[in-house]
There are 2 protein chains.
Amino acid sequence: MVNETQHTCSASSSSKSDGGSSSGSESSKDSSRCSTPVLDADRHERLREKMRRRQDSGDKWFSLEFFPPRTANGAVNLISRFDRMGAGGPLFIDVTWHPAGDPGSDKETSSMIIANTAVNYCGLETILHMTCCNQTKDDITGHLQKAKRLGLKNIMALRGDPVGEEWEEEVDGFNYAVDLVKHIRNEFDDYFDICVAGYPKGHPEAESYEADLRHLKEKVFAGADFIITQLFFQSETFLKFMKDCQAIGITCPIIPGIFPIQGYHSLRQLVKLSKLEVPQEIKDVIEPIKDNDAAIRNYGVELAVSMCRELLDSGVVHGLHFYTLNREVATTEVLKRLGIWKEDPRRPLPWAVSAHPKRRVEDVRPIFWASRPKSYIYRTQEWDDFPNGRWGNSSSPAFGELKDYYLFYLKSKSPREELLKMWGEELTGEESVFEVFTCYITGEPNKNGHKVTCMPWNDDPLATETNLLKEQLEKVNRRGILTINSQPNINGKPSTDPIVGWGPSGGYVFQKAYLEFFASSEIVTALLKVLKKYELRVNYHIVNVKGQNITNAPDLQPNAVTWGIFPGREIIQPTVVDPVSFLSWKDEAFALWIEQWAKLYEEESPSRMIIQYIHDNYYLVNLVDNDFPLENCLWQVVDDTFELLN
Amino acid sequence: MVNETQHTCSASSSSKSDGGSSSGSESSKDSSRCSTPVLDADRHERLREKMRRRQDSGDKWFSLEFFPPRTANGAVNLISRFDRMGAGGPLFIDVTWHPAGDPGSDKETSSMIIANTAVNYCGLETILHMTCCNQTKDDITGHLQKAKRLGLKNIMALRGDPVGEEWEEEVDGFNYAVDLVKHIRNEFDDYFDICVAGYPKGHPEAESYEADLRHLKEKVFAGADFIITQLFFQSETFLKFMKDCQAIGITCPIIPGIFPIQGYHSLRQLVKLSKLEVPQEIKDVIEPIKDNDAAIRNYGVELAVSMCRELLDSGVVHGLHFYTLNREVATTEVLKRLGIWKEDPRRPLPWAVSAHPKRRVEDVRPIFWASRPKSYIYRTQEWDDFPNGRWGNSSSPAFGELKDYYLFYLKSKSPREELLKMWGEELTGEESVFEVFTCYITGEPNKNGHKVTCMPWNDDPLATETNLLKEQLEKVNRRGILTINSQPNINGKPSTDPIVGWGPSGGYVFQKAYLEFFASSEIVTALLKVLKKYELRVNYHIVNVKGQNITNAPDLQPNAVTWGIFPGREIIQPTVVDPVSFLSWKDEAFALWIEQWAKLYEEESPSRMIIQYIHDNYYLVNLVDNDFPLENCLWQVVDDTFELLN
């Protein structure tokens with residue numbers, strides 16, 4: 001009786017190519033900012049509770065729909081897009097189910113793995129779509145178990161497109177989305193939040209609009225928590241639908257699906273698949289400009305903005321769901337013009353919070369992975385508990401090995417040719433390496449005219465915060481102190497500070513100055529002599545690739561280097577210098593020389609041997625200035641070292 | 001073969017009366033300061049490790065011997081003495097075993113319970129003496145198990161005095177201290193540190209000096225960790241003894257027992273019991289002045305100081321053990337003149353740390369018990385885990401009920417008559433109560449000329465830190481805001497600050513301003529109106545005796561109000577305002593009105609009814625100013641409240 005195809009926009013969007021290229025440049029710390037608003041509750045509430053809280057508080061929100069990419073390269077780009085669009089503060093994103101693309105597999109492009117990446121590595125609340133048509137109960141249960149294991153908490157339950165022309169109901173099979181909703185509730189109780197699809201004009205295959213509403217009610221009464229609608233072209237369409245839903249007793253949230261028109265052909269294709277009719281007045285505008293992509297997109301943005309304004313002004317709409325077609329520009333512009341894109345999303349912590357339920361209490365990490373948060377999440381994914389309040393006594397579980405440096409979500413966004421342009425087609429000595437580090441810091445082009453916008457230890461340009469130290473960093477890199485991580489000292493800035501702030505408003509944030517670099521043994525020998533003068537003030541850890549370790553840290557205790565004081569809260573100390581995990585970081589930091597840089601060159605080539613020499617002979621050093629209220633003394637330490645060397 | 005009586009000084013001292021009266025006035029926070037030095041290691045190391053570390057570092061130390069009191073009142077005085085003498089920084093204290101006084105019982109005067117109090121409530125590393133003569137194996141094991149259960153970690157193993165004239169060895173019985181040492185090691189493995197007694201002149205009952213040395217070696221080889229010697233009168237006696245011990249292979253620490261002569265009669269009695277001979281030159285000085293107590297004590301101090309100097313100068317003595325006879329003056333003077341009494345012992349935390357092994361990691365407590373740390377320890381003694389790093393999510397185990405308000409170590413040091421003089425023989429209204437609070441703050445005598453040196457919520461005069469707020473406190477108490485706890489805000493003072501400092505040196509300490517008081521419902525109504533203006537800045541909890549609770553704290557989270565940042569460490573936040581434990585404190589704070597104050601008066605007397613009225617109708621209020629870098633706004637809040645009332 002119920003005729004329901006897969007949530008149409010999803011079905012159609014899965015036939016689109018992953019067209020967007022990585023655009024814009026975010027500073028590394030900016031892009032690692034968590035997109036969820038700052039309230040702790042957001043880390044602990046489930047999606048339906050977040051929605052309810054926003055509704056109560058009157059805060060308008062938005063969500064973003066993506067489809068899985070076709071290629072591994074597409075996946076790398078999509079993940080960058082998650083980071084960039086996540087920065088605008090969506091309440092959630094959703095990833096469509098692509099039955100033809102082995103959606104439940106471990107492939108890097110599968111729906112399951114893309115949703116996993118969004119949750120765990122990008123820290124986004126995520127809904128995974130799932131269709132049930134033509135699948136066995138065991139298949140479905142297997143997919144759901146896997147989703148649960150990966151930390152996914154939300155499922156969009158859909159029927160999906162029947163395969164073949166003649167489709168017949170199977171007895172006791174999954175014939176409709178409602179069967180999937182019931183199955184999820186039977187097998188997984190209340191674990192998942194469940195979303196279902198609604199059709200403002202009625203499903204094209206339904207007997208009638210009224211019959212379709214009744215089917216929707218069945219899905220909700222079977223256990224769905226909220227509804228996302230098919231796209232529509234006029235706000236009245238949605239508002240009437242919502243009223244009709246309420247009239248028959250559907251009281252859960254109903255979220256309008258917004259589709260900003262982005263081009264003539266994509267619109268035609270979508271309309272064909274979803275069997276929707278485009279209103280005449282829209283056709284009248286579009287036809288004359290059908291060959292002017294920019295004009296159509298501008299019109300699409302205008303149209304979407306004005307329709308969204310009407311929806312939000314109606315008072316009954318609290319959130320807007322965007323069919324992005326995996327593109328950024330149009331959706332971002334609509335959101336910015338509506339004023340619901342968060343220009344400066346508050347960071348709950350100074351690093352990217354993972355949205356995996358297991359990691360909800362996590363609030364301390366070693367500083368070493370500041371520019372490689374996804375690597376940290378990957379290497380700690382097997383941990384059963386995550387540090388909360390304190391890092392603890394350094395007896396934390398082991399870090400996972402990083403055997404596959406080409407793991408797709410750790411892969412550099414830049415292809416080999418670009419890396420060679422940035423880091424040098426041919427190195428002539430250690431000085432050419434110093435030059436690369438210096439260009440990365442200054443932002444100036446190298447001698448071949450190429451800007452160095454990433455390094456093996458940092459896939460993004462210099463963070464805004466690090467920019468504060470630019471002048472000093474340039475000077476020391478030029479002389480062979482090859483910096484890969486640093487932070488200035490901060491003595492009580494407001495938690496709302498646009499550069500260094502994090503956490504709830506009304507608080508104060510603090511930092512100890514930190515500097516981490518590679519340096520030759522000659523420099524390290526001089527440095528150790530200088531450090532004697534700073535014995536009580538500066539803590540250091542110095543290690544080479546073989547693990548020879550020199551430190552003045554007492555009893556292998558962690559040193560808190562970032563902390564915040566907030567109204568009515570306990571102290572939060574989100575980053576520490578931990579001596580034990582430094583040794584795990586050391587393996588990664590040294591390996592990146594070889595895996596990301598040396599291997600760009602032929603074996604036994606001079607360039608490769610130079611990098612290999614540095615890898616084998618340099619030391620990795622970290623320094624903390626404990627006297628955070630005084631002027632940072634680490635530059636003086638470095639100056640003294642150079643002076644001693646002269 | 002070995003003839004060894006109970007460690008003589010202990011035996012004799014147990015016949016002394018508990019003569020000292022509580023003297024001097026310590027501020028409440030001073031007396032709650034932990035006496036152990038500030039290094040974390042001191043909380044985690046066992047006694048023998050602490051000794052070894054002091055020996056390695058060259059830091060001289062001292063320890064103090066006490067005997068159990070005969071009366072409950074004597075116990076209250078002895079505990080105050082533990083607090084005062086503990087403030088000088090002894091490495092440990094020891095409590096003698098008094099076989100005639102039911103030493104292993106639960107009586108408040110038993111050796112076991114006094115040692116328990118020293119460890120748990122005064123935070124002192126403690127050795128419990130134990131004798132084995134005339135006891136069954138089961139008795140001894142029972143005592144040791146009980147000691148372990150109470151958190152005692154150190155035993156002084158002694159034979160004790162045989163009962164009766166004719167004493168014969170029992171086969172397989174406990175005939176000598178060495179049997180007890182072996183038994184402890186057999187039954188409790190390495191749990192206890194074991195101390196044994198050494199006799200610099202040889203035991204009086206031993207066949208010879210050499211034979212006695214061999215017996216001592218037996219005790220050490222059976223598992224003793226160190227030796228404390230019988231008293232002696234000349235440094236050469238000890239130095240020769242030490243050399244002789246080393247010559248036969250005794251390598252463990254040997255601590256000289258020092259007895260400052262305090263009076264003619266106590267010396268005579270001691271000498272008789274210990275069968276020691278007083279050197280002729282000492283007799284020559286003492287006999288002529290035997291009726292002049294002060295002169296003898298001065299001479300005794302001189303003698304002890306010069307002998308101790310010789311011992312310390314020898315280079316082989318690292319610690320000195322004092323037979324105090326439960327008196328303070330002579331020993332304290334000797335220690336001060338030697339320069340090893342810590343005038344300003346560093347506090348590891350701003351509250352008194354318990355020395356119970358279970359509580360070693362404890363480093364967070366609610367601020368409410370700041371003046372009643374022993375009560376806090378008592379009410380949490382059943383907890384299995386103690387907060388470390390963070391207080392947590394308020395789901396901590398329940399606090400114990402305080403049913404017996406006369407529990408001896410919570411009892412006021414002042415007798416009823418004194419309390420009546422301080423708090424008023426007859427109250428005429430709420431204003432007379434305001435007057436008592438005001439006099440306590442100002443230190444001025446009340447209208448009957450008596451100073452108010454304690455209150456039901458604070459058994460000591462005002463803390464130095466609270467003195468900083470004196471002027472403001474006086475003003476508000478006079479008008480009926482009856483303060484019982486407060487701290488000023490602090491924005492990064494050195495951890496070595498003599499008034500507010502705590503923790504290792506090189507750190508910085510911080511506080512949020514805190515104010516806690518009782519007030520009438522009229523005041524509270526005005527206060528709540530005023531607090532609206534301070535909504536984001538001030539957190540409050542307001543509760544009456546029935547538990548009606550008004551707060552603006554989010555999600556019942558604790559608020560850290562004291563914290564410290566140290567070189568190479570994680571953040572320490574030792575005090576919090578915790579909404580849940582505030583309700584347990586509320587029970588105690590209200591009950592103290594009745595138990596300590598109302599019950600001084602006849603039932604149905606007007607005075608008693610006034611206190612009862614306050615108990616039934618006032619509110620307990622706490623306020624935190626979250627903006628610690630700004631000037632404390634809590635006085636403004638209170639001023640605004642009074643203005644509104646006018």
# chains A, B, ... in the order shown; residues from 1 in each chain; ligands from 1
$ interface_residues --of "chain B" --to "chain A" --cutoff "7 Å" --atoms "only C-alpha atoms" --output "PyMOL selection string"
chain B and resi 389-390+539+553+557-560+567-571+626
$ write_last_selection --atoms "N, CA, C and O atoms" --output "CSV table (one decimal), in the first residue's frame"
chain,number,residue,atom,x,y,z
B,389,GLY,N,42.3,15.1,41.4
B,389,GLY,CA,42.3,15.9,40.1
B,389,GLY,C,41.0,16.7,40.0
B,389,GLY,O,41.1,17.9,39.9
B,390,ARG,N,39.9,16.0,40.0
B,390,ARG,CA,38.6,16.7,40.0
B,390,ARG,C,37.7,16.1,41.1
B,390,ARG,O,37.8,15.0,41.5
B,539,ASN,N,27.9,32.8,41.6
B,539,ASN,CA,27.1,31.6,41.8
B,539,ASN,C,26.7,31.6,43.3
B,539,ASN,O,27.5,31.9,44.2
B,553,ALA,N,23.4,27.5,40.1
B,553,ALA,CA,24.5,26.7,39.6
B,553,ALA,C,24.0,25.8,38.5
B,553,ALA,O,23.0,25.2,38.6
B,557,GLN,N,26.9,21.3,39.0
B,557,GLN,CA,28.4,21.1,38.8
B,557,GLN,C,29.2,21.7,39.9
B,557,GLN,O,28.8,22.8,40.4
B,558,PRO,N,30.3,21.1,40.3
B,558,PRO,CA,31.2,21.8,41.3
B,558,PRO,C,31.9,23.0,40.7
B,558,PRO,O,32.1,23.0,39.5
B,559,ASN,N,32.2,24.0,41.5
B,559,ASN,CA,32.9,25.2,41.1
B,559,ASN,C,34.2,25.2,41.8
B,559,ASN,O,34.3,25.2,43.0
B,560,ALA,N,35.3,25.2,41.0
B,560,ALA,CA,36.7,25.2,41.7
B,560,ALA,C,36.9,26.6,42.2
B,560,ALA,O,36.8,27.6,41.5
B,567,PRO,N,55.4,24.1,38.3
B,567,PRO,CA,56.3,23.7,37.2
B,567,PRO,C,56.2,22.2,37.0
B,567,PRO,O,56.2,21.4,37.9
B,568,GLY,N,56.0,21.8,35.7
B,568,GLY,CA,56.1,20.4,35.4
B,568,GLY,C,54.9,19.6,36.0
B,568,GLY,O,55.1,18.4,36.1
B,569,ARG,N,53.8,20.2,36.3
B,569,ARG,CA,52.7,19.4,36.9
B,569,ARG,C,51.4,19.7,36.2
B,569,ARG,O,51.3,20.7,35.5
B,570,GLU,N,50.4,18.8,36.5
B,570,GLU,CA,49.1,19.1,36.1
B,570,GLU,C,48.5,20.2,37.1
B,570,GLU,O,49.1,20.4,38.2
B,571,ILE,N,47.4,20.8,36.7
B,571,ILE,CA,46.7,21.8,37.6
B,571,ILE,C,46.2,21.1,38.8
B,571,ILE,O,45.7,20.0,38.8
B,626,ASN,N,32.9,34.6,40.5
B,626,ASN,CA,33.7,33.9,39.5
B,626,ASN,C,34.8,34.7,38.8
B,626,ASN,O,35.7,34.2,38.2
$ residues_around --residues "Pro348 in chain A" --least-positions-apart "2" --cutoff "7 Å" --atoms "only C-alpha atoms" --output "PyMOL selection string"
chain A and resi 38+346+350+502-504
$ select_by_dssp --residues "range 384-581 of chain A" --states "alpha helix (DSSP H)" --output "MDAnalysis selection string"
chainID A and resid 416:423 430:442 464:467 470:478 521:531 579:581
$ atom_distance --atom1 "CA of Ile127 in chain A" --atom2 "CA of Glu277 in chain A"
28.0 Å
$ residues_around --residues "range 438-441 of chain A" --least-positions-apart "4" --cutoff "6 Å" --atoms "only C-alpha atoms" --output "mmCIF file with N, CA and C atoms, in the first residue's frame"
data_model
loop_
_atom_site.group_PDB
_atom_site.id
_atom_site.type_symbol
_atom_site.label_atom_id
_atom_site.label_comp_id
_atom_site.auth_asym_id
_atom_site.auth_seq_id
_atom_site.Cartn_x
_atom_site.Cartn_y
_atom_site.Cartn_z
ATOM 1 N N VAL A 452 55.001 27.802 0.507
ATOM 2 C CA VAL A 452 54.990 26.534 1.245
ATOM 3 C C VAL A 452 53.783 26.575 2.189
ATOM 4 N N GLU A 474 60.718 32.677 12.495
ATOM 5 C CA GLU A 474 61.481 32.818 11.255
ATOM 6 C C GLU A 474 62.984 32.789 11.563
ATOM 7 N N ASN A 477 64.232 29.207 12.691
ATOM 8 C CA ASN A 477 64.198 28.184 11.641
ATOM 9 C C ASN A 477 65.321 28.391 10.630
ATOM 10 N N ARG A 478 65.572 29.662 10.337
ATOM 11 C CA ARG A 478 66.645 29.984 9.398
ATOM 12 C C ARG A 478 67.979 29.400 9.870
#
$ residues_around --residues "Lys374 in chain A" --least-positions-apart "3" --cutoff "10 Å" --atoms "only C-alpha atoms" --output "PDB file with all heavy atoms, in the first residue's frame"
ATOM      1  N   SER A  32      40.648  22.759  12.985  1.00  0.00           N
ATOM      2  CA  SER A  32      40.446  21.716  13.971  1.00  0.00           C
ATOM      3  C   SER A  32      39.455  22.157  15.045  1.00  0.00           C
ATOM      4  O   SER A  32      39.179  21.448  15.982  1.00  0.00           O
ATOM      5  CB  SER A  32      41.777  21.332  14.625  1.00  0.00           C
ATOM      6  OG  SER A  32      42.137  22.274  15.604  1.00  0.00           O
ATOM      7  N   THR A 117      33.950   8.716   9.674  1.00  0.00           N
ATOM      8  CA  THR A 117      34.948   9.773   9.646  1.00  0.00           C
ATOM      9  C   THR A 117      34.361  11.090  10.148  1.00  0.00           C
ATOM     10  O   THR A 117      34.994  11.817  10.919  1.00  0.00           O
ATOM     11  CB  THR A 117      35.483   9.950   8.207  1.00  0.00           C
ATOM     12  OG1 THR A 117      35.973   8.694   7.757  1.00  0.00           O
ATOM     13  CG2 THR A 117      36.601  10.972   8.168  1.00  0.00           C
ATOM     14  N   ASN A 120      33.915  10.633  14.086  1.00  0.00           N
ATOM     15  CA  ASN A 120      35.097  10.430  14.916  1.00  0.00           C
ATOM     16  C   ASN A 120      36.199  11.425  14.631  1.00  0.00           C
ATOM     17  O   ASN A 120      36.863  11.880  15.546  1.00  0.00           O
ATOM     18  CB  ASN A 120      35.621   9.010  14.712  1.00  0.00           C
ATOM     19  CG  ASN A 120      34.702   7.991  15.342  1.00  0.00           C
ATOM     20  OD1 ASN A 120      34.567   7.968  16.556  1.00  0.00           O
ATOM     21  ND2 ASN A 120      34.038   7.186  14.536  1.00  0.00           N
ATOM     22  N   TYR A 121      36.408  11.734  13.356  1.00  0.00           N
ATOM     23  CA  TYR A 121      37.570  12.543  13.007  1.00  0.00           C
ATOM     24  C   TYR A 121      37.227  14.008  12.799  1.00  0.00           C
ATOM     25  O   TYR A 121      38.074  14.862  12.974  1.00  0.00           O
ATOM     26  CB  TYR A 121      38.271  11.945  11.788  1.00  0.00           C
ATOM     27  CG  TYR A 121      38.825  10.579  12.117  1.00  0.00           C
ATOM     28  CD1 TYR A 121      38.125   9.421  11.850  1.00  0.00           C
ATOM     29  CD2 TYR A 121      40.044  10.479  12.791  1.00  0.00           C
ATOM     30  CE1 TYR A 121      38.618   8.185  12.216  1.00  0.00           C
ATOM     31  CE2 TYR A 121      40.544   9.241  13.156  1.00  0.00           C
ATOM     32  CZ  TYR A 121      39.829   8.101  12.863  1.00  0.00           C
ATOM     33  OH  TYR A 121      40.318   6.885  13.239  1.00  0.00           O
ATOM     34  N   CYS A 122      35.972  14.283  12.407  1.00  0.00           N
ATOM     35  CA  CYS A 122      35.590  15.681  12.205  1.00  0.00           C
ATOM     36  C   CYS A 122      34.723  16.184  13.343  1.00  0.00           C
ATOM     37  O   CYS A 122      34.391  17.367  13.404  1.00  0.00           O
ATOM     38  CB  CYS A 122      34.867  15.847  10.872  1.00  0.00           C
ATOM     39  SG  CYS A 122      35.855  15.228   9.486  1.00  0.00           S
ATOM     40  N   GLY A 123      34.346  15.303  14.266  1.00  0.00           N
ATOM     41  CA  GLY A 123      33.593  15.728  15.449  1.00  0.00           C
ATOM     42  C   GLY A 123      32.192  16.208  15.140  1.00  0.00           C
ATOM     43  O   GLY A 123      31.649  17.050  15.852  1.00  0.00           O
ATOM     44  N   ALA A 352      39.993  19.733  18.414  1.00  0.00           N
ATOM     45  CA  ALA A 352      38.770  19.218  17.805  1.00  0.00           C
ATOM     46  C   ALA A 352      38.227  18.042  18.610  1.00  0.00           C
ATOM     47  O   ALA A 352      38.878  17.011  18.736  1.00  0.00           O
ATOM     48  CB  ALA A 352      39.048  18.769  16.379  1.00  0.00           C
ATOM     49  N   SER A 354      36.038  14.860  19.280  1.00  0.00           N
ATOM     50  CA  SER A 354      35.410  13.789  18.511  1.00  0.00           C
ATOM     51  C   SER A 354      33.974  13.595  18.992  1.00  0.00           C
ATOM     52  O   SER A 354      33.686  13.775  20.167  1.00  0.00           O
ATOM     53  CB  SER A 354      36.205  12.499  18.697  1.00  0.00           C
ATOM     54  OG  SER A 354      35.482  11.401  18.167  1.00  0.00           O
ATOM     55  N   TRP A 369      50.007  16.471  19.234  1.00  0.00           N
ATOM     56  CA  TRP A 369      49.177  16.238  18.061  1.00  0.00           C
ATOM     57  C   TRP A 369      48.311  17.457  17.704  1.00  0.00           C
ATOM     58  O   TRP A 369      47.331  17.319  16.991  1.00  0.00           O
ATOM     59  CB  TRP A 369      48.289  15.004  18.276  1.00  0.00           C
ATOM     60  CG  TRP A 369      48.998  13.698  18.120  1.00  0.00           C
ATOM     61  CD1 TRP A 369      49.126  12.966  16.964  1.00  0.00           C
ATOM     62  CD2 TRP A 369      49.675  12.942  19.124  1.00  0.00           C
ATOM     63  NE1 TRP A 369      49.847  11.815  17.209  1.00  0.00           N
ATOM     64  CE2 TRP A 369      50.186  11.773  18.525  1.00  0.00           C
ATOM     65  CE3 TRP A 369      49.911  13.141  20.489  1.00  0.00           C
ATOM     66  CZ2 TRP A 369      50.909  10.807  19.224  1.00  0.00           C
ATOM     67  CZ3 TRP A 369      50.638  12.190  21.192  1.00  0.00           C
ATOM     68  CH2 TRP A 369      51.135  11.036  20.571  1.00  0.00           C
ATOM     69  N   ALA A 370      48.666  18.635  18.212  1.00  0.00           N
ATOM     70  CA  ALA A 370      47.825  19.826  18.004  1.00  0.00           C
ATOM     71  C   ALA A 370      47.484  20.042  16.527  1.00  0.00           C
ATOM     72  O   ALA A 370      46.371  20.436  16.198  1.00  0.00           O
ATOM     73  CB  ALA A 370      48.516  21.066  18.571  1.00  0.00           C
ATOM     74  N   SER A 371      48.442  19.766  15.634  1.00  0.00           N
ATOM     75  CA  SER A 371      48.171  19.965  14.213  1.00  0.00           C
ATOM     76  C   SER A 371      47.763  18.666  13.524  1.00  0.00           C
ATOM     77  O   SER A 371      47.535  18.657  12.322  1.00  0.00           O
ATOM     78  CB  SER A 371      49.414  20.520  13.509  1.00  0.00           C
ATOM     79  OG  SER A 371      49.743  21.772  14.051  1.00  0.00           O
ATOM     80  N   ILE A 377      43.301  10.862  17.121  1.00  0.00           N
ATOM     81  CA  ILE A 377      42.054  10.100  17.295  1.00  0.00           C
ATOM     82  C   ILE A 377      42.246   8.675  16.773  1.00  0.00           C
ATOM     83  O   ILE A 377      41.843   7.701  17.409  1.00  0.00           O
ATOM     84  CB  ILE A 377      40.887  10.815  16.582  1.00  0.00           C
ATOM     85  CG1 ILE A 377      40.564  12.123  17.318  1.00  0.00           C
ATOM     86  CG2 ILE A 377      39.660   9.923  16.513  1.00  0.00           C
ATOM     87  CD1 ILE A 377      39.658  13.056  16.545  1.00  0.00           C
ATOM     88  N   TYR A 378      42.909   8.566  15.621  1.00  0.00           N
ATOM     89  CA  TYR A 378      43.150   7.254  15.040  1.00  0.00           C
ATOM     90  C   TYR A 378      43.999   6.378  15.967  1.00  0.00           C
ATOM     91  O   TYR A 378      43.675   5.214  16.229  1.00  0.00           O
ATOM     92  CB  TYR A 378      43.836   7.430  13.684  1.00  0.00           C
ATOM     93  CG  TYR A 378      44.219   6.127  13.026  1.00  0.00           C
ATOM     94  CD1 TYR A 378      43.245   5.275  12.525  1.00  0.00           C
ATOM     95  CD2 TYR A 378      45.549   5.750  12.924  1.00  0.00           C
ATOM     96  CE1 TYR A 378      43.580   4.086  11.915  1.00  0.00           C
ATOM     97  CE2 TYR A 378      45.905   4.548  12.319  1.00  0.00           C
ATOM     98  CZ  TYR A 378      44.915   3.721  11.828  1.00  0.00           C
ATOM     99  OH  TYR A 378      45.257   2.534  11.245  1.00  0.00           O
ATOM    100  N   ARG A 379      45.053   6.963  16.518  1.00  0.00           N
ATOM    101  CA  ARG A 379      45.980   6.162  17.317  1.00  0.00           C
ATOM    102  C   ARG A 379      45.441   5.827  18.704  1.00  0.00           C
ATOM    103  O   ARG A 379      46.035   5.023  19.425  1.00  0.00           O
ATOM    104  CB  ARG A 379      47.333   6.884  17.435  1.00  0.00           C
ATOM    105  CG  ARG A 379      48.039   6.981  16.076  1.00  0.00           C
ATOM    106  CD  ARG A 379      49.440   7.496  16.212  1.00  0.00           C
ATOM    107  NE  ARG A 379      50.297   6.542  16.892  1.00  0.00           N
ATOM    108  CZ  ARG A 379      51.584   6.779  17.163  1.00  0.00           C
ATOM    109  NH1 ARG A 379      52.131   7.937  16.834  1.00  0.00           N
ATOM    110  NH2 ARG A 379      52.307   5.873  17.796  1.00  0.00           N
ATOM    111  N   THR A 380      44.364   6.479  19.093  1.00  0.00           N
ATOM    112  CA  THR A 380      43.786   6.189  20.418  1.00  0.00           C
ATOM    113  C   THR A 380      42.404   5.554  20.294  1.00  0.00           C
ATOM    114  O   THR A 380      41.688   5.438  21.280  1.00  0.00           O
ATOM    115  CB  THR A 380      43.668   7.476  21.256  1.00  0.00           C
ATOM    116  OG1 THR A 380      42.832   8.402  20.546  1.00  0.00           O
ATOM    117  CG2 THR A 380      45.022   8.117  21.495  1.00  0.00           C
ATOM    118  N   TYR A 409      42.356   9.363   5.677  1.00  0.00           N
ATOM    119  CA  TYR A 409      42.038  10.635   6.346  1.00  0.00           C
ATOM    120  C   TYR A 409      43.252  11.266   7.018  1.00  0.00           C
ATOM    121  O   TYR A 409      43.145  12.226   7.738  1.00  0.00           O
ATOM    122  CB  TYR A 409      40.874  10.509   7.322  1.00  0.00           C
ATOM    123  CG  TYR A 409      40.885   9.280   8.152  1.00  0.00           C
ATOM    124  CD1 TYR A 409      41.751   9.137   9.225  1.00  0.00           C
ATOM    125  CD2 TYR A 409      40.013   8.238   7.845  1.00  0.00           C
ATOM    126  CE1 TYR A 409      41.756   7.978   9.959  1.00  0.00           C
ATOM    127  CE2 TYR A 409      40.031   7.082   8.580  1.00  0.00           C
ATOM    128  CZ  TYR A 409      40.895   6.961   9.636  1.00  0.00           C
ATOM    129  OH  TYR A 409      40.911   5.830  10.368  1.00  0.00           O
ATOM    130  N   LEU A 410      44.424  10.655   6.817  1.00  0.00           N
ATOM    131  CA  LEU A 410      45.643  11.308   7.283  1.00  0.00           C
ATOM    132  C   LEU A 410      46.484  11.772   6.106  1.00  0.00           C
ATOM    133  O   LEU A 410      47.545  12.342   6.277  1.00  0.00           O
ATOM    134  CB  LEU A 410      46.461  10.337   8.146  1.00  0.00           C
ATOM    135  CG  LEU A 410      45.778   9.922   9.434  1.00  0.00           C
ATOM    136  CD1 LEU A 410      46.642   8.923  10.179  1.00  0.00           C
ATOM    137  CD2 LEU A 410      45.506  11.132  10.299  1.00  0.00           C
TER     138      LEU A 410
END
$ atom_distance --atom1 "CA of Lys275 in chain A" --atom2 "CA of Gly263 in chain A"
17.8 Å
$ select_by_dssp --residues "range 23-265 of chain B" --states "strand (DSSP E or B)" --output "PyMOL selection string"
chain B and resi 61-66+92-95+126-131+154-158+193-198+226-231+254-258
$ residues_around --residues "Thr466 in chain B" --least-positions-apart "6" --cutoff "12 Å" --atoms "only C-alpha atoms" --output "MDAnalysis selection string"
chainID B and resid 27:30 370:371 440:442 472:474 483:489 499:500 513:515
$ atom_distance --atom1 "CA of Asp102 in chain B" --atom2 "CA of Thr131 in chain B"
12.3 Å
